[in-house]
Amino acid sequence: MSDCRFAHRTWTELRELLARDRRCALILPVGSTEAHGPHLPLSTDVIIAEETALRAARQLEARGETALVLPPVCYSVTDFSEGFTGSVSIAAETATALVRDILLSLVRQGFKRLALANAHLEPAHIATLRAACEDITAQTGIEIAFPDVTRRRWAQMLTEEFQSGACHAGQYESSLVLSARPELVRDKVRLALEPKLISLSQAIRAGARRFTEIGSDEAYFGAPAGATAEEGNRVFDILAAMIVTALDEQAKTATNEHE
């Protein structure tokens, strides 16, 4: 497999790539810097987003297409983890502008096939991504491929814990980090954690706005002790396939519009 990291290329290499392959796909990993229990790093969402993007790029490469992974976005709205040391939150307007401006810069250079690989699921954050994508389409006519796993279509492909809503730093995310960066998991701590089977999605619909309001003073929900690298590996392949599917659908939409 070739090195599929966008930032590892020189500007002249990218100019040549764009000149010969206008269908080159660029994938932007989006995460957060946020508390994920006492066992996972603050970079959990970034790790998951970047590994998803890398696997999607490899899936595209395996079928003869070119795809590059952009440097990740590491900051967004993290209001739910307020009070947990190390969590960094930025204003929703800033988060929207950041993603929009990155994408807009690339579109203006001539890249037309763009996707988001997002792993941070806070509702206000998801809203910033939707707004950024809508802004790009309104300004340029380019659709951004964004398989939003908070939507039923995509969520039903994922694990039982994910679908339950009890999935912040639980078995689902712990498995993914065990697969991608096992050395960053505090495994003795993880294995000693009791399950917190509280659905974040239900609590959010009921009006909760902080993890502490929902019943966790350690910033995790779900069952971290049940995580395995094998589960994480399987889920990464599913998440990557979602990106590929969304890019295929984006390309089909663009073709139909030009016919």
# chains A, B, ... in the order shown; residues from 1 in each chain; ligands from 1
call {"tool": "residues_around", "arguments": {"residues": "A:Val244", "least_positions_apart": "2", "cutoff": "8 Å", "atoms": "only C-alpha atoms", "output": "ChimeraX atom specification"}}
result
/A:56,59-60,240-242,246-248
call {"tool": "closest_residue", "arguments": {"among": "A:Ala145, A:Leu106, A:Ile198, A:Cys74", "to": "A:Phe211", "atoms": "only C-alpha atoms"}}
result
A:Ile198
call {"tool": "closest_atom_pairs", "arguments": {"of": "stretch 201-253 of chain A", "to": "stretch 156-171 of chain A", "cutoff": "6 Å", "atoms": "only C-alpha atoms", "output": "CSV"}}
result
residue,atom,partner,partner_atom,distance
A:Ser201,CA,A:Gly165,CA,5.1
A:Tyr220,CA,A:Ala169,CA,5.0
A:Phe221,CA,A:His168,CA,5.0
A:Gly222,CA,A:Gly170,CA,4.1
A:Ala223,CA,A:Gly170,CA,4.7
A:Pro224,CA,A:Gly170,CA,4.2
A:Gly226,CA,A:Gln171,CA,5.6
A:Ala227,CA,A:Gln171,CA,4.5
call {"tool": "select_by_dssp", "arguments": {"residues": "stretch 107-218 of chain A", "states": "strand (DSSP E or B)", "output": "VMD selection string"}}
result
chain A and resid 113 to 118 145 196
call {"tool": "write_last_selection", "arguments": {"atoms": "N, CA, C and O atoms", "output": "compact mmCIF listing (two decimals), in the first residue's frame"}}
result
# COMPACT_ATOMS: atom_id res chain seq x y z
N ARG A 113 -13.90 15.57 -4.79
CA ARG A 113 -14.39 14.35 -4.13
C ARG A 113 -13.91 14.35 -2.70
O ARG A 113 -12.80 13.95 -2.39
N LEU A 114 -14.74 14.83 -1.80
CA LEU A 114 -14.34 15.05 -0.42
C LEU A 114 -15.28 14.32 0.53
O LEU A 114 -16.49 14.24 0.31
N ALA A 115 -14.69 13.80 1.63
CA ALA A 115 -15.49 13.08 2.62
C ALA A 115 -15.05 13.45 4.02
O ALA A 115 -13.88 13.80 4.25
N LEU A 116 -15.98 13.33 4.96
CA LEU A 116 -15.67 13.48 6.38
C LEU A 116 -15.70 12.11 7.04
O LEU A 116 -16.63 11.33 6.84
N ALA A 117 -14.67 11.82 7.84
CA ALA A 117 -14.65 10.63 8.69
C ALA A 117 -14.74 11.14 10.12
O ALA A 117 -13.74 11.53 10.72
N ASN A 118 -15.94 11.18 10.66
CA ASN A 118 -16.17 11.80 11.97
C ASN A 118 -16.36 10.75 13.06
O ASN A 118 -17.05 9.76 12.87
N ALA A 145 -19.31 13.99 1.10
CA ALA A 145 -19.70 12.67 1.58
C ALA A 145 -19.55 12.62 3.11
O ALA A 145 -18.44 12.76 3.62
N LYS A 196 -21.53 0.97 32.89
CA LYS A 196 -22.50 2.05 33.12
C LYS A 196 -23.45 2.02 31.93
O LYS A 196 -23.23 2.68 30.92
call {"tool": "closest_residue", "arguments": {"among": "A:Ser2, A:Thr228, A:Thr96, A:Thr212", "to": "A:Ser81", "atoms": "only C-alpha atoms"}}
result
A:Thr212
call {"tool": "closest_atom_pairs", "arguments": {"of": "stretch 110-228 of chain A", "to": "stretch 88-92 of chain A", "cutoff": "8 Å", "atoms": "only C-alpha atoms", "output": "CSV"}}
result
residue,atom,partner,partner_atom,distance
A:Ala124,CA,A:Ala92,CA,7.1
A:His125,CA,A:Ala92,CA,7.1
A:Thr128,CA,A:Ala92,CA,6.2
call {"tool": "write_last_selection", "arguments": {"atoms": "all heavy atoms", "output": "short mmCIF file (atom, residue, chain, number, x, y, z; two decimals), in the first residue's frame"}}
result
data_model
loop_
_atom_site.label_atom_id
_atom_site.label_comp_id
_atom_site.auth_asym_id
_atom_site.auth_seq_id
_atom_site.Cartn_x
_atom_site.Cartn_y
_atom_site.Cartn_z
N ALA A 124 -24.21 18.93 19.26
CA ALA A 124 -23.82 20.25 18.77
C ALA A 124 -22.67 20.15 17.78
O ALA A 124 -22.58 20.95 16.83
CB ALA A 124 -23.44 21.15 19.95
N HIS A 125 -21.80 19.18 17.97
CA HIS A 125 -20.70 18.97 17.02
C HIS A 125 -21.23 18.47 15.68
O HIS A 125 -20.83 18.96 14.62
CB HIS A 125 -19.71 17.96 17.60
CG HIS A 125 -18.75 17.41 16.60
ND1 HIS A 125 -17.71 18.14 16.09
CD2 HIS A 125 -18.71 16.19 15.98
CE1 HIS A 125 -17.04 17.40 15.20
NE2 HIS A 125 -17.63 16.22 15.13
N THR A 128 -22.49 21.19 13.66
CA THR A 128 -21.48 22.02 13.00
C THR A 128 -21.02 21.38 11.70
O THR A 128 -20.77 22.08 10.71
CB THR A 128 -20.25 22.28 13.91
OG1 THR A 128 -19.49 21.07 14.10
CG2 THR A 128 -20.66 22.85 15.25
#
call {"tool": "residues_around", "arguments": {"residues": "A:Val189", "least_positions_apart": "5", "cutoff": "10 Å", "atoms": "only C-alpha atoms", "output": "PDB file with all heavy atoms, in the first residue's frame"}}
result
ATOM      1  N   GLY A  37     -13.209   8.520  29.717  1.00  0.00           N
ATOM      2  CA  GLY A  37     -12.989   7.624  30.833  1.00  0.00           C
ATOM      3  C   GLY A  37     -11.573   7.729  31.379  1.00  0.00           C
ATOM      4  O   GLY A  37     -10.739   8.479  30.863  1.00  0.00           O
ATOM      5  N   PRO A  38     -11.271   6.950  32.428  1.00  0.00           N
ATOM      6  CA  PRO A  38      -9.923   6.952  33.007  1.00  0.00           C
ATOM      7  C   PRO A  38      -8.962   6.018  32.275  1.00  0.00           C
ATOM      8  O   PRO A  38      -7.814   5.872  32.689  1.00  0.00           O
ATOM      9  CB  PRO A  38     -10.182   6.444  34.435  1.00  0.00           C
ATOM     10  CG  PRO A  38     -11.354   5.536  34.297  1.00  0.00           C
ATOM     11  CD  PRO A  38     -12.225   6.129  33.212  1.00  0.00           C
ATOM     12  N   HIS A  39      -9.436   5.408  31.181  1.00  0.00           N
ATOM     13  CA  HIS A  39      -8.646   4.356  30.509  1.00  0.00           C
ATOM     14  C   HIS A  39      -8.279   4.675  29.067  1.00  0.00           C
ATOM     15  O   HIS A  39      -7.380   4.056  28.510  1.00  0.00           O
ATOM     16  CB  HIS A  39      -9.411   3.040  30.547  1.00  0.00           C
ATOM     17  CG  HIS A  39     -10.732   3.087  29.829  1.00  0.00           C
ATOM     18  ND1 HIS A  39     -11.764   3.904  30.243  1.00  0.00           N
ATOM     19  CD2 HIS A  39     -11.186   2.437  28.717  1.00  0.00           C
ATOM     20  CE1 HIS A  39     -12.798   3.750  29.426  1.00  0.00           C
ATOM     21  NE2 HIS A  39     -12.464   2.871  28.500  1.00  0.00           N
ATOM     22  N   LEU A  40      -8.960   5.638  28.451  1.00  0.00           N
ATOM     23  CA  LEU A  40      -8.682   5.993  27.061  1.00  0.00           C
ATOM     24  C   LEU A  40      -8.113   7.407  26.977  1.00  0.00           C
ATOM     25  O   LEU A  40      -8.449   8.266  27.800  1.00  0.00           O
ATOM     26  CB  LEU A  40      -9.944   5.903  26.198  1.00  0.00           C
ATOM     27  CG  LEU A  40     -10.572   4.522  26.014  1.00  0.00           C
ATOM     28  CD1 LEU A  40     -11.804   4.613  25.129  1.00  0.00           C
ATOM     29  CD2 LEU A  40      -9.575   3.529  25.436  1.00  0.00           C
ATOM     30  N   PRO A 224     -16.563  -0.945  29.137  1.00  0.00           N
ATOM     31  CA  PRO A 224     -15.187  -0.971  28.617  1.00  0.00           C
ATOM     32  C   PRO A 224     -14.492  -2.312  28.799  1.00  0.00           C
ATOM     33  O   PRO A 224     -13.679  -2.713  27.951  1.00  0.00           O
ATOM     34  CB  PRO A 224     -14.481   0.119  29.426  1.00  0.00           C
ATOM     35  CG  PRO A 224     -15.555   0.991  29.965  1.00  0.00           C
ATOM     36  CD  PRO A 224     -16.749   0.117  30.139  1.00  0.00           C
ATOM     37  N   ALA A 225     -14.783  -3.009  29.888  1.00  0.00           N
ATOM     38  CA  ALA A 225     -14.081  -4.266  30.174  1.00  0.00           C
ATOM     39  C   ALA A 225     -14.351  -5.332  29.119  1.00  0.00           C
ATOM     40  O   ALA A 225     -13.567  -6.273  28.966  1.00  0.00           O
ATOM     41  CB  ALA A 225     -14.465  -4.783  31.557  1.00  0.00           C
TER      42      ALA A 225
END
call {"tool": "atom_distance", "arguments": {"atom1": "atom CA of A:Leu239", "atom2": "atom CA of A:Thr52"}}
result
6.1 Å
call {"tool": "select_by_dssp", "arguments": {"residues": "stretch 18-207 of chain A", "states": "alpha helix (DSSP H)", "output": "number ranges by chain"}}
result
A: 18-20, 44-62, 92-109, 123-140, 152-155, 160-164, 171-180, 187-192, 200-205
call {"tool": "closest_residue", "arguments": {"among": "A:Ser199, A:Thr140, A:Thr12, A:Thr33", "to": "A:Gly110", "atoms": "only C-alpha atoms"}}
result
A:Thr140
call {"tool": "atom_distance", "arguments": {"atom1": "atom CA of A:Ala49", "atom2": "atom CA of A:Leu178"}}
result
14.0 Å
call {"tool": "closest_residue", "arguments": {"among": "A:Ala155, A:Leu176, A:Ile102, A:Ala229", "to": "A:Glu50", "atoms": "only C-alpha atoms"}}
result
A:Leu176
call {"tool": "atom_distance", "arguments": {"atom1": "atom CA of A:Ser43", "atom2": "atom CA of A:Leu14"}}
result
28.3 Å
call {"tool": "closest_residue", "arguments": {"among": "A:Leu121, A:Leu54, A:Ile47, A:Leu104", "to": "A:Gln139", "atoms": "only C-alpha atoms"}}
result
A:Leu104
call {"tool": "residues_around", "arguments": {"residues": "A:Phe84", "least_positions_apart": "6", "cutoff": "9 Å", "atoms": "only C-alpha atoms", "output": "list in words"}}
result
Glu34, Ala35, Asp217, Glu218 and Ala219 of chain A
call {"tool": "closest_residue", "arguments": {"among": "A:Glu51, A:Val73, A:Arg9, A:Asp79", "to": "A:Pro123", "atoms": "only C-alpha atoms"}}
result
A:Asp79
